[in-house]
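S.K.: Here it is, the structure, as structure tokens.
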Amino acid sequence: MKVLVTGANGFTGSHLAQALQKQGHTVVGLVRKSSNLARLANCNIQLVYGDITDRIALRAAMTGADKVFHTAAYVELGLVNEAEMERVNVEGTRAVLEVAQAVGVSKLVYCSTIGIFGDTKGQVVNETFIRTQSEFSSAYDRTKYQAQQLVDRFAKNGIPVVSILPSGIFGADDPHFAPVIRQFLKGRLRLWAGGDRITGIVHVDDLAAAMILAAQKGKSGDYYIISAGDLTTREMFQIISQKTGIPVPYEVPKPLVRLVGNLFDSIGRVLKWQPPISRERVHYIYDRCVRVDAAKAHNELNWHPRSTLETLLELIPY
């Protein structure tokens, strides 16, 4: 079977492309000319070059494809280019949907996020939850929600599209949490903020497996939450500490973190600099909590991920 993966050079897209190839599928990857292709070094796929909003490139990539997996996205918190994020996340998704409709793709799997539910204030929710948060926590929050609204609209109009909603995506080459763990393992992470912050966890390869299962079994228009469970940041460090003997980082007082976040936010805007901590990141650490139940994916897709413990321990290279 011929399949297309948008954003094939990214963290999720590259793992998905490799999983599809291992299953014997012919994989086409849509990437930009400027994309770093290091993640695809050992993956024999056909590349089509083009921007995610380039309908000509999308049509060339989708022609003859049975399934399309849309993973391309602009993922960032803090000081971001909101117009560019909207162009990629919203208008890019619109372009993918329109071209998929035009060429008659048999199934489109969209990689969304549990963030579309907004702040659930610690309540564990499933796919039936209706967002109650009226404002948006970030440009990423807003653009992914708007993209999901587009997907839902096309699904109602008969386009065979399934939405996968992953929690925090982990793996050895994870660009977000893995660098933190590497610093911790080197003994360079002595301080940390937000030990009580709850994070949903799924291994990137388990997410790829779920997306493939959704292409095979998922019901058009449906959502499938993909998470192996959740842990606080403190619990994550404690698990890795028990395995390595490296002490858990000290907790920085919340008022100090908020003060530094506000200060760095102002400096970053003046200097066009992305600070390690900003007002928006502080909000995600202390003020927003999304918790989910992935029972539907287990039951309907027969999805069986590794545990949160196994996922974390795989980040330790010894």
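Residue numbers start at 1 in each chain; chains themselves are named A, B, ... in the order of the structure tokens; ligands are numbered from 1 in the order shown.
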Quick one: residues within 8 Å of Gln21 (chain A), only C-alpha atoms counted, chain neighbours fewer than 4 positions away excluded, as a list in words?
M.R.: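 Residues meeting the cut-off are Ala17, His25, Thr26, Val27, Cys43, Asn44 and Ile45 of chain A.
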S.K.: Write out as a PDB file with N, CA and C atoms, in the first residue's frame the residues lying within 8 Å of Gly64 (chain A), counting only C-alpha atoms and excluding same-chain residues fewer than 2 positions away.
M.R.:
ATOM      1  N   LYS A   2       0.477   2.245  -0.755  1.00  0.00           N
ATOM      2  CA  LYS A   2       1.203   3.500  -0.811  1.00  0.00           C
ATOM      3  C   LYS A   2       0.582   4.488   0.174  1.00  0.00           C
ATOM      4  N   MET A  62       0.139  13.020  -2.918  1.00  0.00           N
ATOM      5  CA  MET A  62      -1.023  12.175  -2.609  1.00  0.00           C
ATOM      6  C   MET A  62      -1.489  11.317  -3.779  1.00  0.00           C
ATOM      7  N   ASP A  66      -3.029   5.504  -0.862  1.00  0.00           N
ATOM      8  CA  ASP A  66      -4.248   4.956  -0.264  1.00  0.00           C
ATOM      9  C   ASP A  66      -4.595   5.663   1.044  1.00  0.00           C
TER      10      ASP A  66
END
S.K.: Residues near Asp205 (chain A), anyone? I mean within 10 Å using only C-alpha atoms, not counting same-chain ones fewer than 4 positions away, as a list in words.
M.R.: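 Residues near the query, excluding close chain neighbours: Thr12, Ser14, His15, Leu16, Gln18, Ala19, Ile169, Phe170, Gly171, Ala209, Ala210, Met211, Pro305 and Arg306 of chain A.
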S.K.: Fewer than 3 positions away in the same chain doesn't count, so skip those; otherwise give me all residues within 9 Å of region 105-117 of chain A, counting only C-alpha atoms, as an mmCIF file with C-alpha atoms, in the first residue's frame.
M.R.:
data_model
loop_
_atom_site.group_PDB
_atom_site.id
_atom_site.type_symbol
_atom_site.label_atom_id
_atom_site.label_comp_id
_atom_site.auth_asym_id
_atom_site.auth_seq_id
_atom_site.Cartn_x
_atom_site.Cartn_y
_atom_site.Cartn_z
ATOM 1 C CA MET A 62 -1.023 12.175 -2.609
ATOM 2 C CA THR A 63 -1.568 10.905 -6.137
ATOM 3 C CA GLY A 64 -1.891 7.141 -5.910
ATOM 4 C CA ALA A 65 -1.729 7.124 -2.091
ATOM 5 C CA ASP A 66 -4.248 4.956 -0.264
ATOM 6 C CA LYS A 67 -3.755 6.584 3.145
ATOM 7 C CA VAL A 68 -2.489 9.983 4.309
ATOM 8 C CA PHE A 69 -1.006 10.686 7.732
ATOM 9 C CA HIS A 70 -0.875 14.391 8.546
ATOM 10 C CA THR A 71 1.755 15.016 11.236
ATOM 11 C CA ALA A 72 3.280 18.293 10.018
ATOM 12 C CA ALA A 73 2.908 21.067 12.593
ATOM 13 C CA THR A 93 -4.350 21.380 7.564
ATOM 14 C CA LEU A 97 -7.956 18.208 3.709
ATOM 15 C CA VAL A 99 -6.364 17.987 -1.649
ATOM 16 C CA ALA A 100 -7.239 14.680 0.053
ATOM 17 C CA GLN A 101 -10.870 15.332 -0.829
ATOM 18 C CA ALA A 102 -9.988 16.213 -4.431
ATOM 19 C CA THR A 120 -9.582 20.280 32.203
ATOM 20 C CA VAL A 125 -11.653 13.276 30.359
ATOM 21 C CA GLU A 127 -13.214 11.796 23.707
ATOM 22 C CA PHE A 129 -15.476 15.943 26.613
ATOM 23 C CA ILE A 130 -16.567 19.374 25.380
ATOM 24 C CA ARG A 131 -14.020 22.131 25.883
ATOM 25 C CA THR A 132 -15.056 24.581 28.625
ATOM 26 C CA GLN A 133 -12.009 26.877 28.529
ATOM 27 C CA TYR A 140 -0.280 26.578 19.697
ATOM 28 C CA ASP A 141 -3.409 25.856 21.731
ATOM 29 C CA ARG A 142 -5.470 28.154 19.505
ATOM 30 C CA LYS A 144 -4.440 23.271 16.917
ATOM 31 C CA TYR A 145 -8.004 23.820 18.133
ATOM 32 C CA GLN A 146 -8.845 25.710 14.935
ATOM 33 C CA ALA A 147 -7.256 22.976 12.831
ATOM 34 C CA GLN A 148 -9.332 20.359 14.659
ATOM 35 C CA VAL A 151 -11.004 18.444 10.423
ATOM 36 C CA ILE A 159 -14.233 13.065 4.142
ATOM 37 C CA PRO A 160 -12.885 9.842 5.750
ATOM 38 C CA VAL A 161 -10.681 11.419 8.444
ATOM 39 C CA VAL A 162 -9.762 10.132 11.902
ATOM 40 C CA SER A 163 -8.177 12.288 14.608
ATOM 41 C CA ILE A 164 -5.450 10.959 16.892
ATOM 42 C CA LEU A 165 -4.992 12.957 20.114
ATOM 43 C CA PRO A 166 -1.639 12.165 21.751
ATOM 44 C CA SER A 167 -0.514 13.321 25.171
ATOM 45 C CA GLY A 168 3.173 14.162 25.769
ATOM 46 C CA MET A 211 -1.922 5.980 13.947
ATOM 47 C CA ILE A 212 -1.473 2.915 11.765
ATOM 48 C CA ALA A 214 -6.474 4.161 13.231
ATOM 49 C CA ALA A 215 -5.918 4.037 9.478
ATOM 50 C CA GLN A 216 -7.028 0.392 9.515
ATOM 51 C CA GLY A 218 -10.643 3.989 13.057
ATOM 52 C CA SER A 220 -14.340 8.358 10.241
ATOM 53 C CA ILE A 225 -6.892 9.711 22.730
ATOM 54 C CA ILE A 226 -3.403 8.206 22.796
ATOM 55 C CA VAL A 290 -5.113 18.250 31.061
ATOM 56 C CA ARG A 291 -5.704 14.614 32.046
ATOM 57 C CA VAL A 292 -7.134 11.960 29.755
#
S.K.: Region 244-247 of chain A: which residues within 10 Å, counting only C-alpha atoms, same-chain residues fewer than 5 positions away excluded, as a list in words?
M.R.: Phe184, Leu185, Lys186, Gly187, Leu189, Arg190, Phe237, Gln238, Ile239, Ile316 and Tyr318 of chain A
S.K.: What are the DSSP helix (DSSP H, G or I) residues of region 50-276 of chain A, as a PyMOL selection string?
M.R.: chain A and resi 55-62+82-103+114-117+139-156+178-185+204-217+233-244+254-271
S.K.: Output as a list of chain:residue names all residues of region 127-275 of chain A that backbone DSSP marks as strand (DSSP E).
M.R.: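 Going through region 127-275 of chain A, the strand (DSSP E) residues come out as A:Val161, A:Val162, A:Ser163, A:Ile164, A:Leu165, A:Pro166, A:Gly168, A:Ile169, A:Phe170, A:Leu191, A:Trp192, A:Ile198, A:Thr199, A:Gly200, A:Ile201, A:Val202, A:His203, A:Tyr223, A:Tyr224, A:Ile225, A:Ile226, A:Gly229, A:Asp230, A:Leu231, A:Thr232, A:Tyr250, A:Glu251.
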S.K.: CA of Glu76 (chain A) to CA of His304 (chain A): how many Å, to one decimal?
M.R.: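 Interatomic distance, CA of Glu76 (chain A) to CA of His304 (chain A): 28.7 Å.
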S.K.: Taking into account only C-alpha atoms, which residue in the set A:Met1, A:Val31, A:Ala83, A:Val202 is nearest to Leu231 (chain A)?
M.R.: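 Looking at the shortest contact to Leu231 (chain A), the residue is A:Val202.
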S.K.: What is the CA of Tyr224 (chain A) to CA of Asp152 (chain A) distance in Å?
M.R.: 13.3 Å
S.K.: For Ala139 (chain A), find every residue with an atom within 8 Å (counting only C-alpha atoms), except residues of its own chain fewer than 3 positions away, and show them as a list in words.
M.R.: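 These residues fall inside the cut-off: Leu77, Val80, Glu82, Met85, Glu86, Phe136, Arg142 and Thr143 of chain A.
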S.K.: Hey, can you spit out that residue selection with C-alpha atoms as a tab-separated table (two decimals), in the first residue's frame?
M.R.:
chain	number	residue	atom	x	y	z
A	77	LEU	CA	5.49	27.50	23.41
A	80	VAL	CA	6.47	32.39	18.66
A	82	GLU	CA	1.82	33.45	15.59
A	85	MET	CA	2.03	29.05	13.32
A	86	GLU	CA	-1.48	29.73	12.04
A	136	PHE	CA	-6.59	30.00	24.71
A	142	ARG	CA	-5.47	28.15	19.50
A	143	THR	CA	-4.14	26.97	16.14
S.K.: Compare A:Ala297, A:Leu30, A:Leu47, A:Met236 by their minimum atom-to-atom distance to Gly194 (chain A), counting only C-alpha atoms, and give me the closest one.
M.R.: A:Met236
S.K.: Restricting the calculation to only C-alpha atoms: of A:Gly13, A:Ala295, A:Asp119, A:Leu79, which residue gets closest to Ala208 (chain A)?
M.R.: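 When distances to Ala208 (chain A) are compared using only C-alpha atoms, the smallest one comes from A:Gly13.
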